[in-house]
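Structure file data_0.cif (mmCIF, N, CA and C atoms) follows.
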data_input
loop_
_atom_site.label_atom_id
_atom_site.label_comp_id
_atom_site.auth_asym_id
_atom_site.auth_seq_id
_atom_site.Cartn_x
_atom_site.Cartn_y
_atom_site.Cartn_z
N GLN A 594 166.60 -18.96 225.14
CA GLN A 594 165.17 -19.10 224.89
C GLN A 594 164.51 -17.74 225.05
N VAL A 595 163.80 -17.32 224.02
CA VAL A 595 163.15 -16.02 224.05
C VAL A 595 161.91 -16.09 224.94
N GLN A 596 161.79 -15.11 225.82
CA GLN A 596 160.60 -15.00 226.66
C GLN A 596 160.13 -13.56 226.70
N LEU A 597 158.82 -13.38 226.63
CA LEU A 597 158.21 -12.07 226.76
C LEU A 597 157.24 -12.14 227.93
N VAL A 598 157.37 -11.22 228.86
CA VAL A 598 156.51 -11.23 230.04
C VAL A 598 155.85 -9.86 230.18
N GLU A 599 154.52 -9.87 230.06
CA GLU A 599 153.76 -8.63 230.21
C GLU A 599 153.37 -8.41 231.67
N SER A 600 153.22 -7.15 232.03
CA SER A 600 152.74 -6.78 233.36
C SER A 600 152.05 -5.44 233.28
N GLY A 601 151.32 -5.12 234.35
CA GLY A 601 150.71 -3.80 234.44
C GLY A 601 149.21 -3.76 234.20
N GLY A 602 148.63 -4.90 233.84
CA GLY A 602 147.19 -4.91 233.62
C GLY A 602 146.43 -4.83 234.94
N GLY A 603 145.13 -4.68 234.82
CA GLY A 603 144.30 -4.61 236.01
C GLY A 603 142.96 -4.01 235.72
N LEU A 604 142.25 -3.67 236.79
CA LEU A 604 140.93 -3.05 236.70
C LEU A 604 141.08 -1.54 236.84
N VAL A 605 140.47 -0.82 235.92
CA VAL A 605 140.54 0.64 235.96
C VAL A 605 139.19 1.21 235.54
N GLN A 606 138.85 2.36 236.08
CA GLN A 606 137.58 3.00 235.73
C GLN A 606 137.69 3.70 234.37
N PRO A 607 136.58 3.85 233.69
CA PRO A 607 136.61 4.61 232.43
C PRO A 607 137.22 5.98 232.63
N GLY A 608 138.07 6.37 231.69
CA GLY A 608 138.79 7.63 231.79
C GLY A 608 140.13 7.51 232.49
N GLY A 609 140.40 6.37 233.07
CA GLY A 609 141.64 6.16 233.80
C GLY A 609 142.80 5.79 232.89
N SER A 610 143.94 5.51 233.52
CA SER A 610 145.17 5.20 232.81
C SER A 610 145.82 3.95 233.37
N LEU A 611 146.55 3.28 232.50
CA LEU A 611 147.40 2.15 232.89
C LEU A 611 148.64 2.19 232.03
N ARG A 612 149.72 1.63 232.55
CA ARG A 612 150.94 1.48 231.78
C ARG A 612 151.33 0.01 231.77
N LEU A 613 151.34 -0.57 230.60
CA LEU A 613 151.75 -1.95 230.44
C LEU A 613 153.24 -2.01 230.12
N SER A 614 153.87 -3.07 230.63
CA SER A 614 155.28 -3.30 230.32
C SER A 614 155.44 -4.70 229.74
N CYS A 615 156.42 -4.85 228.87
CA CYS A 615 156.75 -6.15 228.30
C CYS A 615 158.27 -6.31 228.40
N ALA A 616 158.68 -7.21 229.26
CA ALA A 616 160.11 -7.47 229.45
C ALA A 616 160.51 -8.67 228.61
N ALA A 617 161.49 -8.46 227.74
CA ALA A 617 161.96 -9.53 226.86
C ALA A 617 163.30 -10.05 227.35
N SER A 618 163.50 -11.34 227.24
CA SER A 618 164.76 -11.95 227.64
C SER A 618 165.13 -13.05 226.66
N GLY A 619 166.40 -13.44 226.71
CA GLY A 619 166.85 -14.52 225.85
C GLY A 619 167.48 -14.06 224.55
N GLY A 620 167.75 -12.77 224.44
CA GLY A 620 168.37 -12.28 223.22
C GLY A 620 168.51 -10.77 223.26
N ILE A 621 168.93 -10.21 222.15
CA ILE A 621 169.03 -8.75 222.00
C ILE A 621 168.04 -8.34 220.92
N PHE A 622 167.10 -7.51 221.29
CA PHE A 622 165.95 -7.27 220.41
C PHE A 622 165.88 -5.85 219.88
N SER A 623 166.92 -5.08 220.10
CA SER A 623 166.86 -3.67 219.75
C SER A 623 166.67 -3.44 218.26
N SER A 624 167.03 -4.41 217.43
CA SER A 624 166.93 -4.23 215.98
C SER A 624 165.61 -4.72 215.40
N TYR A 625 164.69 -5.10 216.26
CA TYR A 625 163.47 -5.74 215.80
C TYR A 625 162.23 -4.97 216.18
N VAL A 626 161.22 -5.14 215.33
CA VAL A 626 159.93 -4.53 215.61
C VAL A 626 159.26 -5.25 216.78
N MET A 627 158.68 -4.47 217.67
CA MET A 627 157.89 -5.04 218.75
C MET A 627 156.54 -4.36 218.77
N GLY A 628 155.55 -5.06 219.31
CA GLY A 628 154.22 -4.49 219.28
C GLY A 628 153.33 -5.00 220.39
N TRP A 629 152.21 -4.33 220.49
CA TRP A 629 151.14 -4.74 221.42
C TRP A 629 149.90 -5.09 220.59
N TYR A 630 149.29 -6.18 220.97
CA TYR A 630 148.04 -6.62 220.38
C TYR A 630 147.05 -6.85 221.52
N ARG A 631 145.78 -6.95 221.18
CA ARG A 631 144.78 -7.24 222.21
C ARG A 631 143.70 -8.15 221.65
N GLN A 632 143.09 -8.88 222.55
CA GLN A 632 141.99 -9.76 222.17
C GLN A 632 140.87 -9.63 223.20
N ALA A 633 139.75 -9.12 222.75
CA ALA A 633 138.57 -8.99 223.61
C ALA A 633 137.77 -10.29 223.55
N PRO A 634 136.94 -10.54 224.56
CA PRO A 634 136.15 -11.77 224.57
C PRO A 634 135.30 -11.90 223.30
N GLY A 635 135.40 -13.05 222.65
CA GLY A 635 134.62 -13.31 221.46
C GLY A 635 135.10 -12.63 220.20
N LYS A 636 136.26 -11.98 220.28
CA LYS A 636 136.78 -11.27 219.11
C LYS A 636 138.16 -11.78 218.73
N GLN A 637 138.57 -11.43 217.52
CA GLN A 637 139.90 -11.81 217.07
C GLN A 637 140.96 -10.89 217.67
N ARG A 638 142.18 -11.40 217.74
CA ARG A 638 143.29 -10.57 218.19
C ARG A 638 143.52 -9.46 217.18
N GLU A 639 143.77 -8.26 217.68
CA GLU A 639 143.98 -7.11 216.80
C GLU A 639 145.21 -6.32 217.22
N LEU A 640 145.78 -5.66 216.23
CA LEU A 640 146.94 -4.82 216.48
C LEU A 640 146.53 -3.58 217.27
N VAL A 641 147.33 -3.24 218.28
CA VAL A 641 147.14 -2.00 219.02
C VAL A 641 148.18 -0.98 218.58
N ALA A 642 149.46 -1.35 218.68
CA ALA A 642 150.52 -0.42 218.31
C ALA A 642 151.80 -1.20 218.09
N VAL A 643 152.66 -0.66 217.20
CA VAL A 643 153.96 -1.27 216.97
C VAL A 643 155.03 -0.19 217.00
N ILE A 644 156.27 -0.62 217.25
CA ILE A 644 157.39 0.31 217.29
C ILE A 644 158.58 -0.36 216.63
N THR A 645 159.26 0.39 215.76
CA THR A 645 160.43 -0.15 215.07
C THR A 645 161.68 0.02 215.92
N SER A 646 162.77 -0.51 215.40
CA SER A 646 164.04 -0.39 216.11
C SER A 646 164.46 1.08 216.23
N GLY A 647 164.06 1.88 215.26
CA GLY A 647 164.42 3.30 215.28
C GLY A 647 163.46 4.17 216.05
N GLY A 648 162.40 3.56 216.58
CA GLY A 648 161.46 4.32 217.39
C GLY A 648 160.25 4.83 216.64
N SER A 649 160.12 4.52 215.36
CA SER A 649 158.91 4.90 214.63
C SER A 649 157.74 4.05 215.13
N THR A 650 156.59 4.67 215.20
CA THR A 650 155.43 3.98 215.75
C THR A 650 154.23 4.04 214.81
N ASN A 651 153.34 3.10 215.01
CA ASN A 651 152.07 3.09 214.32
C ASN A 651 151.06 2.48 215.27
N SER A 652 149.83 2.97 215.19
CA SER A 652 148.83 2.45 216.11
C SER A 652 147.47 2.38 215.42
N ALA A 653 146.60 1.59 216.00
CA ALA A 653 145.25 1.45 215.47
C ALA A 653 144.49 2.76 215.63
N ASP A 654 143.60 3.01 214.69
CA ASP A 654 142.81 4.24 214.75
C ASP A 654 142.03 4.35 216.06
N SER A 655 141.60 3.23 216.59
CA SER A 655 140.77 3.23 217.80
C SER A 655 141.52 3.71 219.04
N VAL A 656 142.85 3.71 218.99
CA VAL A 656 143.62 4.11 220.17
C VAL A 656 144.48 5.34 219.92
N LYS A 657 144.47 5.84 218.68
CA LYS A 657 145.29 7.02 218.37
C LYS A 657 144.91 8.18 219.27
N GLY A 658 145.92 8.84 219.80
CA GLY A 658 145.70 9.98 220.67
C GLY A 658 145.49 9.60 222.12
N ARG A 659 145.32 8.30 222.39
CA ARG A 659 145.10 7.83 223.76
C ARG A 659 146.22 6.90 224.25
N PHE A 660 146.72 6.05 223.36
CA PHE A 660 147.75 5.08 223.72
C PHE A 660 149.08 5.48 223.09
N THR A 661 150.17 5.24 223.82
CA THR A 661 151.50 5.52 223.31
C THR A 661 152.41 4.33 223.56
N ILE A 662 153.05 3.86 222.50
CA ILE A 662 154.02 2.77 222.64
C ILE A 662 155.42 3.36 222.68
N SER A 663 156.27 2.76 223.50
CA SER A 663 157.66 3.19 223.58
C SER A 663 158.52 1.99 223.93
N ARG A 664 159.82 2.17 223.82
CA ARG A 664 160.72 1.07 224.15
C ARG A 664 161.99 1.60 224.79
N ASP A 665 162.57 0.75 225.63
CA ASP A 665 163.86 1.03 226.25
C ASP A 665 164.76 -0.13 225.87
N ASN A 666 165.58 0.07 224.85
CA ASN A 666 166.40 -1.04 224.34
C ASN A 666 167.43 -1.51 225.36
N ALA A 667 167.87 -0.62 226.21
CA ALA A 667 168.85 -1.01 227.23
C ALA A 667 168.24 -2.00 228.21
N LYS A 668 166.93 -1.91 228.39
CA LYS A 668 166.24 -2.79 229.32
C LYS A 668 165.48 -3.91 228.61
N ASN A 669 165.57 -3.93 227.26
CA ASN A 669 164.81 -4.94 226.50
C ASN A 669 163.33 -4.92 226.88
N THR A 670 162.79 -3.72 227.00
CA THR A 670 161.42 -3.56 227.49
C THR A 670 160.63 -2.63 226.56
N VAL A 671 159.38 -3.01 226.33
CA VAL A 671 158.45 -2.20 225.56
C VAL A 671 157.29 -1.81 226.47
N TYR A 672 156.82 -0.60 226.31
CA TYR A 672 155.75 -0.08 227.16
C TYR A 672 154.54 0.31 226.31
N LEU A 673 153.39 0.28 226.97
CA LEU A 673 152.18 0.83 226.35
C LEU A 673 151.49 1.70 227.39
N GLN A 674 151.57 2.99 227.19
CA GLN A 674 150.87 3.93 228.07
C GLN A 674 149.46 4.11 227.53
N MET A 675 148.49 3.81 228.36
CA MET A 675 147.08 3.86 227.94
C MET A 675 146.36 4.91 228.79
N ASN A 676 145.87 5.93 228.13
CA ASN A 676 145.13 7.00 228.80
C ASN A 676 143.69 7.04 228.28
N SER A 677 142.84 7.72 229.01
CA SER A 677 141.43 7.88 228.62
C SER A 677 140.82 6.54 228.25
N LEU A 678 141.00 5.58 229.10
CA LEU A 678 140.54 4.23 228.80
C LEU A 678 139.02 4.17 228.73
N LYS A 679 138.55 3.30 227.83
CA LYS A 679 137.12 3.12 227.60
C LYS A 679 136.76 1.65 227.87
N PRO A 680 135.50 1.38 228.16
CA PRO A 680 135.10 -0.02 228.37
C PRO A 680 135.46 -0.92 227.19
N GLU A 681 135.43 -0.38 225.99
CA GLU A 681 135.75 -1.19 224.81
C GLU A 681 137.24 -1.51 224.69
N ASP A 682 138.05 -0.94 225.56
CA ASP A 682 139.48 -1.30 225.60
C ASP A 682 139.71 -2.56 226.43
N THR A 683 138.67 -3.06 227.08
CA THR A 683 138.79 -4.27 227.88
C THR A 683 139.22 -5.44 227.00
N ALA A 684 140.31 -6.08 227.36
CA ALA A 684 140.86 -7.17 226.57
C ALA A 684 142.09 -7.74 227.28
N VAL A 685 142.56 -8.86 226.76
CA VAL A 685 143.88 -9.35 227.14
C VAL A 685 144.87 -8.72 226.17
N TYR A 686 145.89 -8.11 226.71
CA TYR A 686 146.90 -7.42 225.91
C TYR A 686 148.17 -8.28 225.82
N TYR A 687 148.62 -8.48 224.59
CA TYR A 687 149.77 -9.33 224.32
C TYR A 687 150.91 -8.52 223.71
N CYS A 688 152.09 -8.87 224.12
CA CYS A 688 153.30 -8.30 223.55
C CYS A 688 153.82 -9.24 222.46
N GLN A 689 154.33 -8.66 221.38
CA GLN A 689 154.88 -9.46 220.29
C GLN A 689 156.27 -8.97 219.91
N LEU A 690 157.15 -9.91 219.67
CA LEU A 690 158.46 -9.66 219.05
C LEU A 690 158.35 -10.22 217.64
N ALA A 691 158.54 -9.36 216.64
CA ALA A 691 158.25 -9.75 215.27
C ALA A 691 159.48 -10.22 214.51
N ARG A 692 159.35 -11.39 213.89
CA ARG A 692 160.33 -11.92 212.92
C ARG A 692 161.75 -11.90 213.49
N TYR A 693 161.87 -12.41 214.71
CA TYR A 693 163.19 -12.55 215.34
C TYR A 693 163.77 -13.86 214.82
N TYR A 694 164.78 -13.75 214.00
CA TYR A 694 165.32 -14.92 213.30
C TYR A 694 164.20 -15.70 212.61
N GLY A 695 163.28 -14.93 212.02
CA GLY A 695 162.21 -15.52 211.23
C GLY A 695 160.99 -15.97 212.00
N MET A 696 160.98 -15.80 213.29
CA MET A 696 159.85 -16.25 214.09
C MET A 696 159.23 -15.09 214.87
N ASP A 697 157.91 -15.18 215.05
CA ASP A 697 157.22 -14.25 215.92
C ASP A 697 157.09 -14.87 217.31
N TYR A 698 157.32 -14.05 218.32
CA TYR A 698 157.20 -14.52 219.69
C TYR A 698 156.12 -13.70 220.40
N TRP A 699 155.40 -14.37 221.30
CA TRP A 699 154.30 -13.75 222.03
C TRP A 699 154.45 -13.98 223.52
N GLY A 700 154.00 -13.00 224.29
CA GLY A 700 153.87 -13.21 225.71
C GLY A 700 152.55 -13.90 226.01
N LYS A 701 152.32 -14.16 227.30
CA LYS A 701 151.09 -14.85 227.71
C LYS A 701 149.92 -13.90 227.91
N GLY A 702 150.21 -12.61 227.93
CA GLY A 702 149.15 -11.62 228.01
C GLY A 702 148.90 -11.11 229.42
N THR A 703 148.32 -9.91 229.46
CA THR A 703 147.90 -9.31 230.72
C THR A 703 146.50 -8.73 230.51
N LEU A 704 145.61 -8.97 231.47
CA LEU A 704 144.22 -8.58 231.34
C LEU A 704 144.02 -7.13 231.77
N VAL A 705 143.36 -6.38 230.91
CA VAL A 705 142.95 -5.01 231.21
C VAL A 705 141.42 -4.97 231.21
N THR A 706 140.86 -4.54 232.33
CA THR A 706 139.41 -4.43 232.45
C THR A 706 139.05 -2.99 232.76
N VAL A 707 138.25 -2.40 231.90
CA VAL A 707 137.82 -1.01 232.09
C VAL A 707 136.34 -1.04 232.45
N SER A 708 136.06 -0.70 233.69
CA SER A 708 134.68 -0.80 234.18
C SER A 708 134.50 0.07 235.41
N SER A 709 133.29 0.59 235.55
CA SER A 709 132.98 1.36 236.74
C SER A 709 132.34 0.46 237.81
#

For this file, produce the structure as structure tokens.
Amino acid sequence: QVQLVESGGGLVQPGGSLRLSCAASGGIFSSYVMGWYRQAPGKQRELVAVITSGGSTNSADSVKGRFTISRDNAKNTVYLQMNSLKPEDTAVYYCQLARYYGMDYWGKGTLVTVSS
């Protein structure tokens, strides 16, 4: 059974940093795209960043230069390093495993609150 568990969220002041982790279990995911999405209160879920099996990345314009996605295939873990955080980054952050045997899998999310 595939499970994705996010961690690392919390309260941080504007300009601060957080590192989110997503631990995947129940399979071998090194050949699959994984990503981070976020959903702010009253808004739709949006893409933050994705990473391919080969390590190529893409990210939303709103986080370019501030957030970095990476993965450790040996640990089945994906990371999101978030720097220079802004209040508008406040959201629940979700990890996604894309099209694993034709299905997308999601974690339950971790809350990031950026506030002074």

### Task
With the file shown as input, list the residues that the PyMOL selection byres ((chain A and resi 645) around 8) selects, as a PyMOL selection string.
chain A and resi 623-628+642-644+646-651

Which polymer residues have any atom within 7 Å of an atom of Ser652 (chain A), counting all atoms listed in the file, with same-chain residues fewer than 3 positions away left out, as a CSV table (one decimal) with N, CA and C atoms, in the frame of the given file?
chain,number,residue,atom,x,y,z
A,640,LEU,N,145.8,-5.7,216.2
A,640,LEU,CA,146.9,-4.8,216.5
A,640,LEU,C,146.5,-3.6,217.3
A,641,VAL,N,147.3,-3.2,218.3
A,641,VAL,CA,147.1,-2.0,219.0
A,641,VAL,C,148.2,-1.0,218.6
A,642,ALA,N,149.5,-1.4,218.7
A,642,ALA,CA,150.5,-0.4,218.3
A,642,ALA,C,151.8,-1.2,218.1
A,643,VAL,N,152.7,-0.7,217.2
A,643,VAL,CA,154.0,-1.3,217.0
A,643,VAL,C,155.0,-0.2,217.0
A,655,SER,N,141.6,3.2,216.6
A,655,SER,CA,140.8,3.2,217.8
A,655,SER,C,141.5,3.7,219.0
A,656,VAL,N,142.8,3.7,219.0
A,656,VAL,CA,143.6,4.1,220.2
A,656,VAL,C,144.5,5.3,219.9
A,657,LYS,N,144.5,5.8,218.7
A,657,LYS,CA,145.3,7.0,218.4
A,657,LYS,C,144.9,8.2,219.3

### Message
Residues near Leu597 (chain A), anyone? I mean within 6 Å using all atoms listed in the file, not counting same-chain ones fewer than 2 positions away, as a list in words.
### Response
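Close residues of Leu597 (chain A): Val595, Glu599, Cys615, Ala616, Ala617, Ser618, Trp699, Gly700 and Lys701 of chain A.
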
### Summary
Among A:Gln632, A:Asn669, A:Ser709, A:Thr661, Leu613 (chain A) is approached most closely, using only C-alpha atoms, by A:Thr661

### Task
Apply DSSP to the backbone of this structure and, from chain A, keep only the residues in strand (DSSP E or B); write these as a VMD selection string.
chain A and resid 596 to 600 603 to 605 611 to 618 627 to 632 639 to 644 650 to 652 660 to 665 670 to 675 684 to 693 696 to 699 703 to 707

### Message
Just checking: using only C-alpha atoms, which residue out of A:Asp654, A:Gly602, A:Arg692, A:Gln637 ends up closest to Met675 (chain A)?
### Response
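Checking each of A:Asp654, A:Gly602, A:Arg692, A:Gln637 against Met675 (chain A), counting only C-alpha atoms, the winner is A:Gly602.
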
### Query
If the PyMOL selection byres ((chain A and resi 680) around 6.5) is run on the structure shown, which residues does it catch, given as a ChimeraX atom specification?
/A:607,678-679,681-683,707-708

### Query
At what distance in Å, to one decimal, does CA of Gly620 (chain A) lie from CA of Ala653 (chain A)?
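Distance reported for this atom pair: 28.0 Å.
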
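Atom pair atom N of Gly609 (chain A) / CA of Ile662 (chain A) has a distance of 17.5 Å (rounded to one decimal).
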
### Task
Measure the distance from atom C of Ala633 (chain A) to atom N of Ser663 (chain A) in Å and round it to one decimal.
22.6 Å

### Query
Can you list every residue in region 597-707 of chain A that DSSP puts in helix (DSSP H, G or I), as a list in words?
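Taking region 597-707 of chain A and keeping helix (DSSP H, G or I) only, one gets Asn666, Ala667, Lys668, Pro680, Glu681 and Asp682 of chain A.
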
### Using only N, CA and C atoms: which of A:Thr706, A:Tyr672, A:Trp629, A:Gly635 has the shortest distance to Leu690 (chain A)
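Smallest separation from Leu690 (chain A) among the options: A:Trp629.
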
### Message
Need to verify the contact set: Thr703 (chain A), 7 Å, all atoms listed in the file, exclusion of same-chain residues closer than 3 positions in sequence. Can you return it as a PyMOL selection string?
### Response
chain A and resi 599-603+684-688+700

### Message
I'd like to know which of A:Arg659, A:Tyr694, A:Val598, A:Asp665 is closest to Ser677 (chain A), using only N, CA and C atoms.
### Response
A:Arg659

## Note on the structure
Min atom-atom distance to Asn666 (chain A) from the set A:Gln689, A:Phe622, A:Val605, A:Ser614, counting only N, CA and C atoms, belongs to A:Phe622

### Message
Taking all atoms listed in the file into account, name the residue in A:Lys668, A:Leu673, A:Gly695, A:Gln594 that is nearest to Leu611 (chain A).
### Response
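The shortest atom-to-atom distance to Leu611 (chain A) comes from A:Leu673.
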